[in-house]
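Here the structure is laid out as C-alpha cells; the discussion comes afterwards.
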Amino acid sequence: MTTTRFAPSPTGYIHVGNLRTALMNYLIARKAGGTFILRIDDTDPERSREEYVDAIKQDLEWLGLTWDKVERQSERLDRYAEAADKLREINRFYEAFETPTELDLKRKKQLNMGKPPVYDRAALALSDAEKDALRAERGNGVWRFKLDHERIEWTDGILGDISIDAASVSDPVLIRGDGQVLYTIASVVDDTDMGVTHVVRGSDHVTNTATQIQIMAALGFGHPEFAHHSLLTGPQGEALSKRLGTLALRDLREAGVKPMALLSLMARLGSSDPVELRTDMAELIEGFDINRFGSAPTKFDAEDLYPLTARYLQTLPVETVKAELDAIGVPADKQEAFWAVAKENITTLKDLEGWWSLCRDGAEPLIADEDKEFIAEAMTLLPEGPYDSESWGKWTAAVKEKTGRKGKSLFMPLRKAVTGMERGPDMSALLALMQTVRARD
Ligand code: GLU
C-alpha cells in the first residue's frame, strides 16, 4: 500500500517550493490509490505556530490537495524518546558538549587545513567524570548519532544511484541540549510507524537521507523509497530562496492565480513532459510520473501562471463564476452574455470588474484628431440603447454608407471611440452589453 506524506514545519506560509513537494507526494499516493498524510513537523515549540498549521491546511484545501490523515510530531514525543533510548542501548548515541562557538572554530580549522568540516567526535573520548563536569558547567549536551563510516547507498527516484561516504558527514545531532527532539530522528520514527513507502523531498535533504537511512537501519527499520527533486530557481537561474517569501501560495491566490493553473505547471516543471493545462485533478494524477523529472535546478517564473490561469478561466461555464459576477453587479440576465465576452479577455477574475464597468458606464473615448469629424458623424447614426447583438452590424453598415469608409479605417476608430481601446472583444458582442456609449453623449 503506497503511503506518502507532506511534512511542512509550521513556521511560515507555504510557497511554490513546498508545493512542489506536496504535489509530488500527493500525486504518487493518488495514482497508486494509496494514502497521503499531512504531517505537521512541529517539534520546535518556539518557531511552530498554530496559525501556520491552519494556513497550511487552507492552502492545501484551496488547491484540492486533500489528505487522508493529519499527524503531528508534537503528539509523538514519547515515540521519539523510545527510539533515542534504543540508540543509547546499542551504543550509537553519544552526548557532546561543544558550544556553537567551539564547533565553529573546529570547522574553520578544518577548512583552513583543506579538510571537510566534519565533527571530529571529540566527545567520544570523554570519560564519565569529564561528562559530569561538563554537564555541571554547561548543562545537558546534545545527542549525536554515531554514523558507521561506510558508504551509504540508495537508488533515488530522481537522482538515480547515490553513494555517500558517511565519513564525510558529521554525526547528526538528534536531540538538543534543552531536550528538543530534532526532525532527523522524528521523521525516521514517523516514516516507519506510519508505513510511509515513498519520500519525495527537495535535494537539500540528500545528506539527511543518508543519515536517516543509517538511523533506520540501527533501529532495525527498513527504509522507504527516496526521491529528491531539484530546487527551484528564478527565471534566470538565480537562487529563489530569498524570494520564496513573496511566492507564498496565499499571495498567488490573492493575485488571482487559479489552482489548476498552478498545479498544472508544478506537476510538469522540471520534467521531460511538456507543461499542459489540466482542468481536473484526475487528469493531473493520470499524467504524473516522478521518473520523468531531472536533477537540474528547475526554473520557475511566476509569470507563467497567468496565461495558464487565463486559459483555465476560458474553460469555465458561467455558473462557476456566478458569485464573482454577482459581486461586481452584473445582472442575472446579462451574466451569460457578459461572461462569454469577458472570459476571452481576462487574465484573472479580477479583470472582470474593468470589463463590467466599461459595459455599465461606457469608456472614455479614444479619438485621433484626424477622426474627429468622422466619429462625430458616426455618433449621429448610433441609436440610443438598449443595444443588441445586431446593433454593431447595423450601425457600422450605416456609417460605411454615409462616410464611404471601410475595413480598418472604418472599424478601428469606432472601436476606439466606443471602448477607449485599440483591441478587445468582438464588438457585436460587446456593444450588445453596453448600457451607454460615452462618445455618443
Ligand atoms: N519538515 C521537513 C521540511 O520541511 C520535512 C522534510 C521531509 O520531507 O522529510 O524540510
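Every chain in the C-alpha cells takes a letter, A first, then B, and so on in the order presented; its residues are numbered from 1, and the ligands are numbered from 1 following the presented order.
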### Surrounding residues as number ranges by chain, ligand 1, max 9 Å, only C-alpha atoms and all ligand atoms
A: 5-10, 18, 21, 39-42, 183-184, 187-188, 191, 199-202, 204-205, 208-209
Review point. In segment 122-293 of chain A, what's strand (DSSP E) per DSSP? Answer as an MDAnalysis selection string?
Key: chainID A and resid 142:145 151:156 160:165 173:175 198:202 225:229 232:233
Find the residues near segment 396-400 of chain A: any atom within 10 Å, counting only C-alpha atoms, skip ones fewer than 6 places away on the same chain, and give them as JSON, numbers by chain. {"A": [374, 375, 377, 378, 379, 380, 381, 382, 406, 407, 410, 411, 414]}
### Message
Using only C-alpha atoms, can you tell me which of A:Pro307, A:Gly287, A:Gly329, A:Pro117 comes closest to Asp171 of chain A?
### Response
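For Asp171 of chain A, the nearest of the candidates is A:Pro117.
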request  = Write out as a PyMOL selection string each polymer residue whose atoms come within 6 Å of Phe36 of chain A, counting only C-alpha atoms; drop sequence neighbours fewer than 6 positions from it.
outcome  = chain A and resi 3-5+26+29+67-68
- request: Determine, counting only C-alpha atoms, which protein, DNA and RNA residues have an atom within 7 Å of an atom of segment 314-322 of chain A; residues of the same chain fewer than 4 positions away are not included. Present the result as an MDAnalysis selection string.
  value: chainID A and resid 310 326 336 339 343:344
Give me the residues near His229 of chain A as a PDB file with N, CA, C and O atoms, in the first residue's frame, where near means some atom within 12 Å (using only C-alpha atoms) and where sequence neighbours in that chain fewer than 4 positions away do not count.
ATOM      1  N   GLY A  17       7.865  26.377  -3.619  1.00  0.00           N
ATOM      2  CA  GLY A  17       8.858  25.318  -3.394  1.00  0.00           C
ATOM      3  C   GLY A  17       8.250  24.180  -2.584  1.00  0.00           C
ATOM      4  O   GLY A  17       8.379  23.006  -2.933  1.00  0.00           O
ATOM      5  N   ASN A  18       7.535  24.529  -1.520  1.00  0.00           N
ATOM      6  CA  ASN A  18       6.870  23.492  -0.719  1.00  0.00           C
ATOM      7  C   ASN A  18       5.800  22.790  -1.543  1.00  0.00           C
ATOM      8  O   ASN A  18       5.577  21.591  -1.399  1.00  0.00           O
ATOM      9  N   LEU A  19       5.139  23.568  -2.388  1.00  0.00           N
ATOM     10  CA  LEU A  19       4.046  22.999  -3.168  1.00  0.00           C
ATOM     11  C   LEU A  19       4.550  21.858  -4.051  1.00  0.00           C
ATOM     12  O   LEU A  19       3.882  20.847  -4.225  1.00  0.00           O
ATOM     13  N   ARG A  20       5.728  22.052  -4.596  1.00  0.00           N
ATOM     14  CA  ARG A  20       6.282  21.017  -5.458  1.00  0.00           C
ATOM     15  C   ARG A  20       6.369  19.686  -4.685  1.00  0.00           C
ATOM     16  O   ARG A  20       5.982  18.639  -5.177  1.00  0.00           O
ATOM     17  N   THR A  21       6.884  19.780  -3.455  1.00  0.00           N
ATOM     18  CA  THR A  21       6.994  18.587  -2.622  1.00  0.00           C
ATOM     19  C   THR A  21       5.615  18.013  -2.315  1.00  0.00           C
ATOM     20  O   THR A  21       5.382  16.807  -2.444  1.00  0.00           O
ATOM     21  N   ALA A  22       4.712  18.886  -1.896  1.00  0.00           N
ATOM     22  CA  ALA A  22       3.371  18.421  -1.522  1.00  0.00           C
ATOM     23  C   ALA A  22       2.700  17.745  -2.712  1.00  0.00           C
ATOM     24  O   ALA A  22       2.143  16.642  -2.592  1.00  0.00           O
ATOM     25  N   LEU A  23       2.782  18.382  -3.860  1.00  0.00           N
ATOM     26  CA  LEU A  23       2.075  17.880  -5.036  1.00  0.00           C
ATOM     27  C   LEU A  23       2.625  16.523  -5.483  1.00  0.00           C
ATOM     28  O   LEU A  23       1.874  15.601  -5.785  1.00  0.00           O
ATOM     29  N   MET A  24       3.947  16.415  -5.519  1.00  0.00           N
ATOM     30  CA  MET A  24       4.523  15.140  -5.961  1.00  0.00           C
ATOM     31  C   MET A  24       4.088  14.000  -5.045  1.00  0.00           C
ATOM     32  O   MET A  24       3.713  12.926  -5.502  1.00  0.00           O
ATOM     33  N   ASN A  25       4.139  14.255  -3.745  1.00  0.00           N
ATOM     34  CA  ASN A  25       3.736  13.205  -2.803  1.00  0.00           C
ATOM     35  C   ASN A  25       2.251  12.882  -2.941  1.00  0.00           C
ATOM     36  O   ASN A  25       1.838  11.726  -2.882  1.00  0.00           O
ATOM     37  N   ASP A 156      17.856   6.568  -6.018  1.00  0.00           N
ATOM     38  CA  ASP A 156      16.918   7.670  -5.844  1.00  0.00           C
ATOM     39  C   ASP A 156      15.967   7.732  -7.034  1.00  0.00           C
ATOM     40  O   ASP A 156      16.384   7.558  -8.182  1.00  0.00           O
ATOM     41  N   GLY A 157      14.697   7.985  -6.733  1.00  0.00           N
ATOM     42  CA  GLY A 157      13.675   8.029  -7.782  1.00  0.00           C
ATOM     43  C   GLY A 157      13.911   9.124  -8.812  1.00  0.00           C
ATOM     44  O   GLY A 157      13.371   9.070  -9.913  1.00  0.00           O
ATOM     45  N   ILE A 158      14.698  10.115  -8.471  1.00  0.00           N
ATOM     46  CA  ILE A 158      15.009  11.180  -9.429  1.00  0.00           C
ATOM     47  C   ILE A 158      16.505  11.227  -9.724  1.00  0.00           C
ATOM     48  O   ILE A 158      16.923  11.328 -10.872  1.00  0.00           O
ATOM     49  N   LEU A 159      17.319  11.114  -8.689  1.00  0.00           N
ATOM     50  CA  LEU A 159      18.758  11.310  -8.873  1.00  0.00           C
ATOM     51  C   LEU A 159      19.489  10.049  -9.328  1.00  0.00           C
ATOM     52  O   LEU A 159      20.672  10.088  -9.657  1.00  0.00           O
ATOM     53  N   GLY A 160      18.801   8.925  -9.287  1.00  0.00           N
ATOM     54  CA  GLY A 160      19.460   7.668  -9.685  1.00  0.00           C
ATOM     55  C   GLY A 160      20.298   7.098  -8.551  1.00  0.00           C
ATOM     56  O   GLY A 160      20.012   7.341  -7.373  1.00  0.00           O
ATOM     57  N   VAL A 199       9.247   8.700  -0.020  1.00  0.00           N
ATOM     58  CA  VAL A 199       9.523  10.043   0.497  1.00  0.00           C
ATOM     59  C   VAL A 199      10.069  10.875  -0.658  1.00  0.00           C
ATOM     60  O   VAL A 199      11.136  10.573  -1.204  1.00  0.00           O
ATOM     61  N   VAL A 200       9.316  11.890  -1.031  1.00  0.00           N
ATOM     62  CA  VAL A 200       9.805  12.823  -2.045  1.00  0.00           C
ATOM     63  C   VAL A 200      10.040  14.157  -1.355  1.00  0.00           C
ATOM     64  O   VAL A 200       9.158  14.651  -0.645  1.00  0.00           O
ATOM     65  N   ARG A 201      11.207  14.702  -1.500  1.00  0.00           N
ATOM     66  CA  ARG A 201      11.512  15.996  -0.881  1.00  0.00           C
ATOM     67  C   ARG A 201      12.611  16.670  -1.669  1.00  0.00           C
ATOM     68  O   ARG A 201      13.153  16.100  -2.623  1.00  0.00           O
ATOM     69  N   GLY A 202      12.958  17.879  -1.267  1.00  0.00           N
ATOM     70  CA  GLY A 202      13.928  18.667  -2.013  1.00  0.00           C
ATOM     71  C   GLY A 202      15.339  18.096  -1.904  1.00  0.00           C
ATOM     72  O   GLY A 202      15.672  17.390  -0.942  1.00  0.00           O
ATOM     73  N   SER A 203      16.166  18.422  -2.891  1.00  0.00           N
ATOM     74  CA  SER A 203      17.516  17.861  -2.898  1.00  0.00           C
ATOM     75  C   SER A 203      18.386  18.433  -1.779  1.00  0.00           C
ATOM     76  O   SER A 203      19.470  17.931  -1.515  1.00  0.00           O
ATOM     77  N   ASP A 204      17.884  19.453  -1.071  1.00  0.00           N
ATOM     78  CA  ASP A 204      18.605  19.920   0.116  1.00  0.00           C
ATOM     79  C   ASP A 204      18.558  18.872   1.237  1.00  0.00           C
ATOM     80  O   ASP A 204      19.225  19.031   2.257  1.00  0.00           O
ATOM     81  N   HIS A 205      17.767  17.829   1.048  1.00  0.00           N
ATOM     82  CA  HIS A 205      17.673  16.793   2.085  1.00  0.00           C
ATOM     83  C   HIS A 205      18.515  15.553   1.801  1.00  0.00           C
ATOM     84  O   HIS A 205      18.433  14.575   2.551  1.00  0.00           O
ATOM     85  N   VAL A 206      19.322  15.592   0.735  1.00  0.00           N
ATOM     86  CA  VAL A 206      20.057  14.378   0.358  1.00  0.00           C
ATOM     87  C   VAL A 206      20.946  13.873   1.501  1.00  0.00           C
ATOM     88  O   VAL A 206      20.957  12.678   1.819  1.00  0.00           O
ATOM     89  N   MET A 266       3.210  23.073 -11.861  1.00  0.00           N
ATOM     90  CA  MET A 266       4.127  22.439 -10.914  1.00  0.00           C
ATOM     91  C   MET A 266       4.227  20.925 -11.096  1.00  0.00           C
ATOM     92  O   MET A 266       5.219  20.319 -10.702  1.00  0.00           O
ATOM     93  N   ALA A 267       3.214  20.321 -11.702  1.00  0.00           N
ATOM     94  CA  ALA A 267       3.269  18.865 -11.899  1.00  0.00           C
ATOM     95  C   ALA A 267       4.182  18.492 -13.059  1.00  0.00           C
ATOM     96  O   ALA A 267       4.505  17.326 -13.240  1.00  0.00           O
ATOM     97  N   ARG A 268       4.600  19.475 -13.834  1.00  0.00           N
ATOM     98  CA  ARG A 268       5.404  19.159 -15.011  1.00  0.00           C
ATOM     99  C   ARG A 268       6.737  19.912 -15.058  1.00  0.00           C
ATOM    100  O   ARG A 268       7.678  19.465 -15.721  1.00  0.00           O
ATOM    101  N   LEU A 269       6.807  21.050 -14.385  1.00  0.00           N
ATOM    102  CA  LEU A 269       8.019  21.860 -14.443  1.00  0.00           C
ATOM    103  C   LEU A 269       9.218  21.032 -13.967  1.00  0.00           C
ATOM    104  O   LEU A 269       9.174  20.435 -12.897  1.00  0.00           O
ATOM    105  N   GLY A 270      10.276  21.004 -14.770  1.00  0.00           N
ATOM    106  CA  GLY A 270      11.461  20.233 -14.386  1.00  0.00           C
ATOM    107  C   GLY A 270      11.386  18.782 -14.843  1.00  0.00           C
ATOM    108  O   GLY A 270      12.274  17.998 -14.549  1.00  0.00           O
ATOM    109  N   SER A 271      10.334  18.432 -15.558  1.00  0.00           N
ATOM    110  CA  SER A 271      10.245  17.061 -16.078  1.00  0.00           C
ATOM    111  C   SER A 271      10.424  17.108 -17.583  1.00  0.00           C
ATOM    112  O   SER A 271      10.421  18.177 -18.192  1.00  0.00           O
ATOM    113  N   ILE A 290       6.997  10.500 -11.682  1.00  0.00           N
ATOM    114  CA  ILE A 290       8.162  11.049 -10.979  1.00  0.00           C
ATOM    115  C   ILE A 290       9.464  10.743 -11.730  1.00  0.00           C
ATOM    116  O   ILE A 290      10.414  11.521 -11.685  1.00  0.00           O
ATOM    117  N   ASN A 291       9.482   9.630 -12.440  1.00  0.00           N
ATOM    118  CA  ASN A 291      10.718   9.253 -13.145  1.00  0.00           C
ATOM    119  C   ASN A 291      11.056  10.173 -14.304  1.00  0.00           C
ATOM    120  O   ASN A 291      12.149  10.105 -14.856  1.00  0.00           O
ATOM    121  N   ARG A 292      10.118  11.023 -14.680  1.00  0.00           N
ATOM    122  CA  ARG A 292      10.370  11.943 -15.785  1.00  0.00           C
ATOM    123  C   ARG A 292      11.104  13.212 -15.327  1.00  0.00           C
ATOM    124  O   ARG A 292      11.449  14.051 -16.131  1.00  0.00           O
ATOM    125  N   PHE A 293      11.291  13.356 -14.018  1.00  0.00           N
ATOM    126  CA  PHE A 293      11.931  14.576 -13.518  1.00  0.00           C
ATOM    127  C   PHE A 293      13.444  14.456 -13.539  1.00  0.00           C
ATOM    128  O   PHE A 293      13.990  13.371 -13.328  1.00  0.00           O
ATOM    129  N   GLY A 294      14.092  15.577 -13.804  1.00  0.00           N
ATOM    130  CA  GLY A 294      15.545  15.586 -13.863  1.00  0.00           C
ATOM    131  C   GLY A 294      16.150  16.246 -12.638  1.00  0.00           C
ATOM    132  O   GLY A 294      15.449  16.850 -11.825  1.00  0.00           O
ATOM    133  N   SER A 295      17.466  16.121 -12.520  1.00  0.00           N
ATOM    134  CA  SER A 295      18.121  16.631 -11.313  1.00  0.00           C
ATOM    135  C   SER A 295      18.560  18.093 -11.458  1.00  0.00           C
ATOM    136  O   SER A 295      18.931  18.726 -10.477  1.00  0.00           O
ATOM    137  N   ALA A 296      18.520  18.641 -12.659  1.00  0.00           N
ATOM    138  CA  ALA A 296      18.986  20.026 -12.843  1.00  0.00           C
ATOM    139  C   ALA A 296      18.038  20.993 -12.134  1.00  0.00           C
ATOM    140  O   ALA A 296      16.835  20.723 -12.060  1.00  0.00           O
ATOM    141  N   PRO A 297      18.581  22.106 -11.617  1.00  0.00           N
ATOM    142  CA  PRO A 297      17.715  23.104 -10.980  1.00  0.00           C
ATOM    143  C   PRO A 297      16.573  23.493 -11.925  1.00  0.00           C
ATOM    144  O   PRO A 297      16.754  23.534 -13.136  1.00  0.00           O
ATOM    145  N   THR A 298      15.426  23.733 -11.357  1.00  0.00           N
ATOM    146  CA  THR A 298      14.236  23.976 -12.165  1.00  0.00           C
ATOM    147  C   THR A 298      13.883  25.451 -12.152  1.00  0.00           C
ATOM    148  O   THR A 298      13.674  26.032 -11.087  1.00  0.00           O
TER     149      THR A 298
END
DSSP on the backbone: what in segment 63-229 of chain A comes out helix (DSSP H, G or I), as a PyMOL selection string?
chain A and resi 63+73-75+77-89+100-112+122-125+128-138+166-168+183-193+203-218
Discussion item. For Arg92 of chain A, find every residue with an atom within 9 Å (counting only C-alpha atoms), except residues of its own chain fewer than 4 positions away, and show them as a PyMOL selection string.
Written reply: chain A and resi 86-88+144-148+215+218
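Between Leu38 of chain A and the residues A:Glu364, A:Glu373, A:Asp161, A:Asp190, the shortest atom-to-atom distance, using only C-alpha atoms, involves A:Asp190.
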Find, counting only C-alpha atoms, the residue in A:Met260, A:Leu182, A:Leu358, A:Met113 that gets nearest to Pro45 of chain A.
->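 Among A:Met260, A:Leu182, A:Leu358, A:Met113, it is A:Leu182 that comes nearest to Pro45 of chain A.
Taking atom CA of Leu105 of chain A and atom CA of Thr207 of chain A as the two end points, the separation is 22.4 Å.
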(message) I'd like to know which of A:Lys106, A:Lys69, A:His223, A:Arg76 is closest to Thr155 of chain A, using only C-alpha atoms.
(response)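 Between A:Lys106, A:Lys69, A:His223, A:Arg76, the residue approaching Thr155 of chain A most closely is A:His223.
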Taking only residues of segment 21-92 of chain A that have an atom at most 9 Å from an atom of segment 174-180 of chain A, what is each one's shortest atom pair and its distance in Å to one decimal, using only C-alpha atoms, in chain and number order, as CSV?
residue,atom,partner,partner_atom,distance
A:Thr43,CA,A:Gln180,CA,7.0
A:Asp44,CA,A:Gln180,CA,7.1
A:Pro45,CA,A:Gln180,CA,8.7
A:Ala84,CA,A:Leu174,CA,8.4
In terms of only C-alpha atoms, the residue from A:His198, A:Lys115, A:Arg151, A:Lys258 at minimal distance from Thr211 of chain A is A:Arg151
Of the candidates A:Ser168, A:Thr348, A:Thr419, A:Thr2, which one gets nearest to Thr436 of chain A if we count only C-alpha atoms?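 Answer, going by the shortest atom-to-atom distance: A:Thr419.
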